[in-house]
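Here's the structure we're looking at; comments come further down.
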Amino acid sequence: MDEQELIAGSLNGRKEDFRMIVERYSAPAMALAMNLLRNRDDAEDACQELFIQVYRNLGSYDPRRSFKNWVYTILYRRCLDHLKRRRRATELVSKMGRETITATPANPGHSSSPRSLPSGLLEQLKAKERTALCLWANEGYTAREIGEVLRCSAGTARVHLFQARKKIKKLLEQGDVSLQNG
Amino acid sequence: MFHCKTVEFFYGLIPLKPWRDFLIRRHIEKCPGCLAGLASREEAGSLLVQEAGADIGPSLWAEVEAAIAKDSREKKAGDRTIQPSPGRRWGWAVATACLGVLLISFFFLKDFRPEGTSADAVQARFELEYVRVGGQPASAVIYQPQGSDMIIVWVGKNL
């Protein structure tokens with residue numbers, strides 16, 4: 001079924017059409033959320049919030065824009081909210097002088113966890129860089145499309161992607177060196 | 001190689017995104033030496049969670065559906081509370097009409113004449129110290145009709 005038909009059906013209150021939208025986008029959305037948040041539970045929460053927000057705001061979606069990019073933009077914002085909340089919680093715990101519980105487990109996925117790296121490599125990237133890298137590597141997005149999701153210019157998106165790729169390469173090389181030495 | 005180092009130096013020197021974008025487009029994206037310093041799509045992809053391994057399962061739809069159902073219930077309840085009864089609607093209509101009548105009456109009844117048209121104001125603006133008619137002292141009356149700028153001076157002989 002065509003995407004626009006599903007959107008129109010959802011707007012007319014047909015739950016089954018919206019269910020198909022959720023099924024179509026849940027896996028790519030979950031992958032992006034997990035890459036951004038590095039935590040399965042938080043990623044599931046973000047995806048749930050995403051689809052509720054999509055349902056509520058479906059009327060304001062501009063059909064000239066890519067629906068997938070629109071969904072990713074909302075998801076990116078939701079993930080940023082989660083990261084902010086997590087940072088505040090970590091700050092609060094550290095202020096209280098207790099032992100901080102890092103909300104970044106080493107195993108972010110159940111079935112296909114990414115290659116484990118010595119220094120939690122993706123943690124070293126900023127949220128924008130991580131998003132740009134994920135969209136570029138997983139979805140094959142161009143700088144213009146990444147910019148559409150991040151709500152910035154294509155040039156700015158290109159810079160974020162470049163920084164991410166540079167950092168990753170550097171850290172991978174360092175990791176290889178340390179593994180060889182070890 | 002020398003050129004690459006210069007580009008790298010200028011990239012670090014000016015941390016402005018348009019400038020950096022310019023350097024990336026003009027040199028880095030085209031230079032094999034510079035591209036070798038960047039992670040490839042495959043390298044980056046190997047670190048990331050892929051779509052195939054990120055399936056949530058049917059629990060997501062169940063939760064989303066419950067939230068949507070709750071949303072529409074609340075919306076309906078909200079609509080019910082906001083919906084005024086017919087009696088209340090009539091009350092509002094009557095009150096608005098009364099307010100309108102009061103406003104219109106106010107504008108009709110209010111004296112919008114500029115200040116200075118009252119008797120005192122006429123005296124202040126127009127004063128006769130001494131009037132003589134036919135060589136004899138005469139009494140004068142100054143009169144301004146209501147709502148007019150015209151001033152009438154009536155002089156009568158003292159008999």
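By convention here, the chains of the structure tokens are called A, B, ... in the order presented, each chain's residues are numbered starting at 1, and ligands are numbered starting at 1 in the order presented.
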Taking a cut-off of 9 Å and counting only C-alpha atoms, can you build a table that, for each residue of chain A near chain B, reports the nearest atom pair and how far apart they are in Å (one decimal), sorted by chain then residue number, as a Markdown table?
| residue | atom | partner | partner_atom | distance |
| --- | --- | --- | --- | --- |
| A:Lys15 | CA | B:Glu65 | CA | 8.3 |
| A:Arg19 | CA | B:Trp61 | CA | 6.8 |
| A:Val22 | CA | B:Trp61 | CA | 7.0 |
| A:Glu23 | CA | B:Trp61 | CA | 7.9 |
| A:Ser26 | CA | B:Ile56 | CA | 7.0 |
| A:Ala27 | CA | B:Asp55 | CA | 4.9 |
| A:Pro28 | CA | B:Glu51 | CA | 5.1 |
| A:Ala29 | CA | B:Glu51 | CA | 8.2 |
| A:Met30 | CA | B:Ala54 | CA | 5.5 |
| A:Ala31 | CA | B:Ala54 | CA | 5.1 |
| A:Leu32 | CA | B:Val49 | CA | 7.7 |
| A:Met34 | CA | B:Val49 | CA | 6.8 |
| A:Asn35 | CA | B:Val49 | CA | 6.0 |
| A:Arg40 | CA | B:Ala54 | CA | 9.0 |
| A:Glu44 | CA | B:Ile56 | CA | 7.3 |
| A:Cys47 | CA | B:Leu60 | CA | 8.0 |
| A:Gln48 | CA | B:Val64 | CA | 6.1 |
| A:Glu49 | CA | B:Val64 | CA | 8.1 |
| A:Phe51 | CA | B:Val64 | CA | 6.7 |
| A:Ile52 | CA | B:Val64 | CA | 6.1 |
| A:Tyr55 | CA | B:Ile68 | CA | 7.7 |
| A:Arg56 | CA | B:Ile68 | CA | 8.4 |
| A:Pro108 | CA | B:Val49 | CA | 8.1 |
| A:Gly109 | CA | B:Ala54 | CA | 6.9 |
| A:His110 | CA | B:Gly53 | CA | 7.3 |
| A:Ser111 | CA | B:Gly53 | CA | 5.5 |
| A:Ser112 | CA | B:Gly53 | CA | 4.9 |
| A:Ser113 | CA | B:Val49 | CA | 6.3 |
| A:Pro114 | CA | B:Leu47 | CA | 5.1 |
| A:Arg115 | CA | B:Leu47 | CA | 5.6 |
| A:Ser116 | CA | B:Leu47 | CA | 7.9 |
| A:Leu117 | CA | B:Leu47 | CA | 8.4 |
| A:Leu121 | CA | B:Leu47 | CA | 8.2 |
| A:Leu122 | CA | B:Leu47 | CA | 7.8 |
| A:Leu133 | CA | B:Ala44 | CA | 7.2 |
| A:Cys134 | CA | B:Leu48 | CA | 7.0 |
| A:Trp136 | CA | B:Arg41 | CA | 7.4 |
| A:Ala137 | CA | B:Arg41 | CA | 5.0 |
| A:Asn138 | CA | B:Gly45 | CA | 6.3 |
| A:Gly140 | CA | B:Arg41 | CA | 8.6 |
| A:Ala154 | CA | B:Asp21 | CA | 8.9 |
| A:Gly155 | CA | B:Asp21 | CA | 5.2 |
| A:Thr156 | CA | B:Lys17 | CA | 5.8 |
| A:Ala157 | CA | B:Asp21 | CA | 8.9 |
| A:Arg158 | CA | B:Asp21 | CA | 6.5 |
| A:Val159 | CA | B:Asp21 | CA | 5.8 |
| A:Phe162 | CA | B:Leu38 | CA | 7.5 |
| A:Gln163 | CA | B:Leu38 | CA | 8.7 |
| A:Ala164 | CA | B:Ala39 | CA | 8.4 |
| A:Arg165 | CA | B:Ala39 | CA | 4.8 |
| A:Lys166 | CA | B:Leu38 | CA | 4.6 |
| A:Lys167 | CA | B:Leu38 | CA | 7.9 |
| A:Ile168 | CA | B:Ala39 | CA | 6.1 |
| A:Lys169 | CA | B:Ala39 | CA | 4.6 |
| A:Lys170 | CA | B:Gly37 | CA | 7.6 |
| A:Leu172 | CA | B:Ala39 | CA | 8.6 |
Practice task
Considering only C-alpha atoms, return as an MDAnalysis selection string whatever protein or nucleic-acid residues lie within 9 Å of segment 66-81 of chain A, sequence-local ones (same chain, fewer than 2 positions apart) excluded.
Solution key: chainID A and resid 3:4 25 29 32:33 36:37 42:43 46:47 49:51 53:54 61:64 83:86 127:128 131 145:146 148:151
Exercise for the section: Using atom CA of Pro137 of chain B and atom CA of Gly156 of chain B as the two end points, give the distance in Å to one decimal. Expected result: 9.2 Å
Handout entry: Interatomic distance (Å, one decimal) between atom CA of Ser10 of chain A and atom CA of Lys70 of chain B
Key = 16.5 Å
Exercise for the section: Could you find all residues in segment 54-94 of chain B that DSSP calls helix (DSSP H, G or I) from the backbone, and write them as a PyMOL selection string? Expected result: chain B and resi 58-82+86-94
File of the preceding selection, N, CA and C atoms, as a CSV table (one decimal), in the first residue's frame:
chain,number,residue,atom,x,y,z
B,58,PRO,N,5.7,-6.9,18.4
B,58,PRO,CA,4.4,-6.4,18.5
B,58,PRO,C,4.1,-5.5,19.7
B,59,SER,N,4.9,-5.6,20.7
B,59,SER,CA,4.7,-4.8,21.9
B,59,SER,C,4.6,-3.3,21.7
B,60,LEU,N,5.3,-2.8,20.7
B,60,LEU,CA,5.3,-1.4,20.4
B,60,LEU,C,3.9,-1.0,19.9
B,61,TRP,N,3.4,-1.7,19.0
B,61,TRP,CA,2.0,-1.3,18.5
B,61,TRP,C,1.0,-1.4,19.6
B,62,ALA,N,1.1,-2.4,20.5
B,62,ALA,CA,0.2,-2.5,21.6
B,62,ALA,C,0.2,-1.2,22.5
B,63,GLU,N,1.4,-0.8,22.7
B,63,GLU,CA,1.6,0.4,23.6
B,63,GLU,C,1.1,1.7,22.9
B,64,VAL,N,1.5,1.8,21.6
B,64,VAL,CA,1.1,2.9,20.8
B,64,VAL,C,-0.4,3.0,20.7
B,65,GLU,N,-1.0,1.8,20.5
B,65,GLU,CA,-2.5,1.8,20.3
B,65,GLU,C,-3.2,2.2,21.6
B,66,ALA,N,-2.6,1.7,22.7
B,66,ALA,CA,-3.2,2.0,24.0
B,66,ALA,C,-3.1,3.5,24.3
B,67,ALA,N,-2.0,4.1,23.9
B,67,ALA,CA,-1.8,5.6,24.1
B,67,ALA,C,-2.8,6.4,23.2
B,68,ILE,N,-2.9,5.9,22.0
B,68,ILE,CA,-3.8,6.6,21.0
B,68,ILE,C,-5.3,6.5,21.5
B,69,ALA,N,-5.7,5.3,22.0
B,69,ALA,CA,-7.0,5.1,22.5
B,69,ALA,C,-7.3,6.0,23.7
B,70,LYS,N,-6.3,6.1,24.6
B,70,LYS,CA,-6.4,7.0,25.8
B,70,LYS,C,-6.5,8.4,25.3
B,71,ASP,N,-5.7,8.8,24.3
B,71,ASP,CA,-5.7,10.1,23.7
B,71,ASP,C,-7.1,10.5,23.2
B,72,SER,N,-7.7,9.6,22.5
B,72,SER,CA,-9.0,9.9,21.9
B,72,SER,C,-10.1,9.9,22.9
B,73,ARG,N,-9.9,9.1,24.0
B,73,ARG,CA,-10.9,9.1,25.1
B,73,ARG,C,-10.9,10.5,25.8
B,74,GLU,N,-9.6,10.9,26.0
B,74,GLU,CA,-9.5,12.2,26.7
B,74,GLU,C,-10.0,13.4,25.9
B,75,LYS,N,-9.7,13.2,24.5
B,75,LYS,CA,-10.2,14.2,23.6
B,75,LYS,C,-11.7,14.4,23.6
B,76,LYS,N,-12.4,13.2,23.6
B,76,LYS,CA,-13.8,13.1,23.7
B,76,LYS,C,-14.3,13.8,25.0
B,77,ALA,N,-13.7,13.4,26.1
B,77,ALA,CA,-14.1,13.9,27.4
B,77,ALA,C,-13.9,15.4,27.4
B,78,GLY,N,-12.8,15.8,26.8
B,78,GLY,CA,-12.5,17.3,26.8
B,78,GLY,C,-13.5,18.0,25.9
B,79,ASP,N,-14.0,17.4,24.8
B,79,ASP,CA,-15.0,18.0,24.0
B,79,ASP,C,-16.3,18.1,24.7
B,80,ARG,N,-16.6,17.1,25.5
B,80,ARG,CA,-17.8,17.1,26.3
B,80,ARG,C,-17.8,18.2,27.3
B,81,THR,N,-16.7,18.4,28.0
B,81,THR,CA,-16.7,19.5,29.0
B,81,THR,C,-16.7,20.9,28.4
B,82,ILE,N,-16.1,21.0,27.3
B,82,ILE,CA,-16.0,22.3,26.6
B,82,ILE,C,-17.3,22.7,26.0
B,86,PRO,N,-27.3,24.4,25.8
B,86,PRO,CA,-28.0,25.4,25.0
B,86,PRO,C,-28.4,26.6,25.8
B,87,GLY,N,-28.8,26.4,27.1
B,87,GLY,CA,-29.2,27.5,28.0
B,87,GLY,C,-28.0,28.4,28.2
B,88,ARG,N,-26.8,27.8,28.5
B,88,ARG,CA,-25.7,28.7,28.7
B,88,ARG,C,-25.3,29.5,27.4
B,89,ARG,N,-25.5,28.8,26.3
B,89,ARG,CA,-25.2,29.5,25.0
B,89,ARG,C,-26.1,30.7,24.9
B,90,TRP,N,-27.4,30.6,25.2
B,90,TRP,CA,-28.4,31.7,25.1
B,90,TRP,C,-28.0,32.8,26.1
B,91,GLY,N,-27.5,32.4,27.3
B,91,GLY,CA,-27.1,33.3,28.3
B,91,GLY,C,-26.0,34.2,27.8
B,92,TRP,N,-25.0,33.5,27.2
B,92,TRP,CA,-23.9,34.3,26.6
B,92,TRP,C,-24.3,35.2,25.5
B,93,ALA,N,-25.3,34.8,24.7
B,93,ALA,CA,-25.8,35.6,23.6
B,93,ALA,C,-26.5,36.9,24.1
B,94,VAL,N,-27.3,36.7,25.1
B,94,VAL,CA,-28.0,37.8,25.7
B,94,VAL,C,-27.0,38.8,26.4
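Going from atom CA of Gln144 of chain B to atom CA of Ser105 of chain B covers 26.8 Å.
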Problem - Those of chain B in DSSP strand (DSSP E or B), formatted as a PyMOL selection string - result: chain B and resi 132-133+136-143+152-157
Give me a file of those residues, with C-alpha atoms, as an mmCIF file, in the first residue's frame.
data_model
loop_
_atom_site.group_PDB
_atom_site.id
_atom_site.type_symbol
_atom_site.label_atom_id
_atom_site.label_comp_id
_atom_site.auth_asym_id
_atom_site.auth_seq_id
_atom_site.Cartn_x
_atom_site.Cartn_y
_atom_site.Cartn_z
ATOM 1 C CA ARG B 132 -22.248 101.970 24.846
ATOM 2 C CA VAL B 133 -25.273 102.343 22.528
ATOM 3 C CA GLN B 136 -25.400 105.731 26.586
ATOM 4 C CA PRO B 137 -24.147 102.784 28.672
ATOM 5 C CA ALA B 138 -25.784 99.527 27.589
ATOM 6 C CA SER B 139 -26.018 96.055 29.023
ATOM 7 C CA ALA B 140 -24.690 93.103 27.025
ATOM 8 C CA VAL B 141 -25.566 89.444 27.044
ATOM 9 C CA ILE B 142 -23.248 86.904 25.549
ATOM 10 C CA TYR B 143 -24.940 83.769 24.323
ATOM 11 C CA ILE B 152 -24.221 85.898 19.839
ATOM 12 C CA VAL B 153 -23.716 89.206 21.610
ATOM 13 C CA TRP B 154 -26.989 90.919 22.494
ATOM 14 C CA VAL B 155 -26.724 94.510 23.546
ATOM 15 C CA GLY B 156 -29.670 96.443 25.034
ATOM 16 C CA LYS B 157 -29.998 100.069 26.081
#
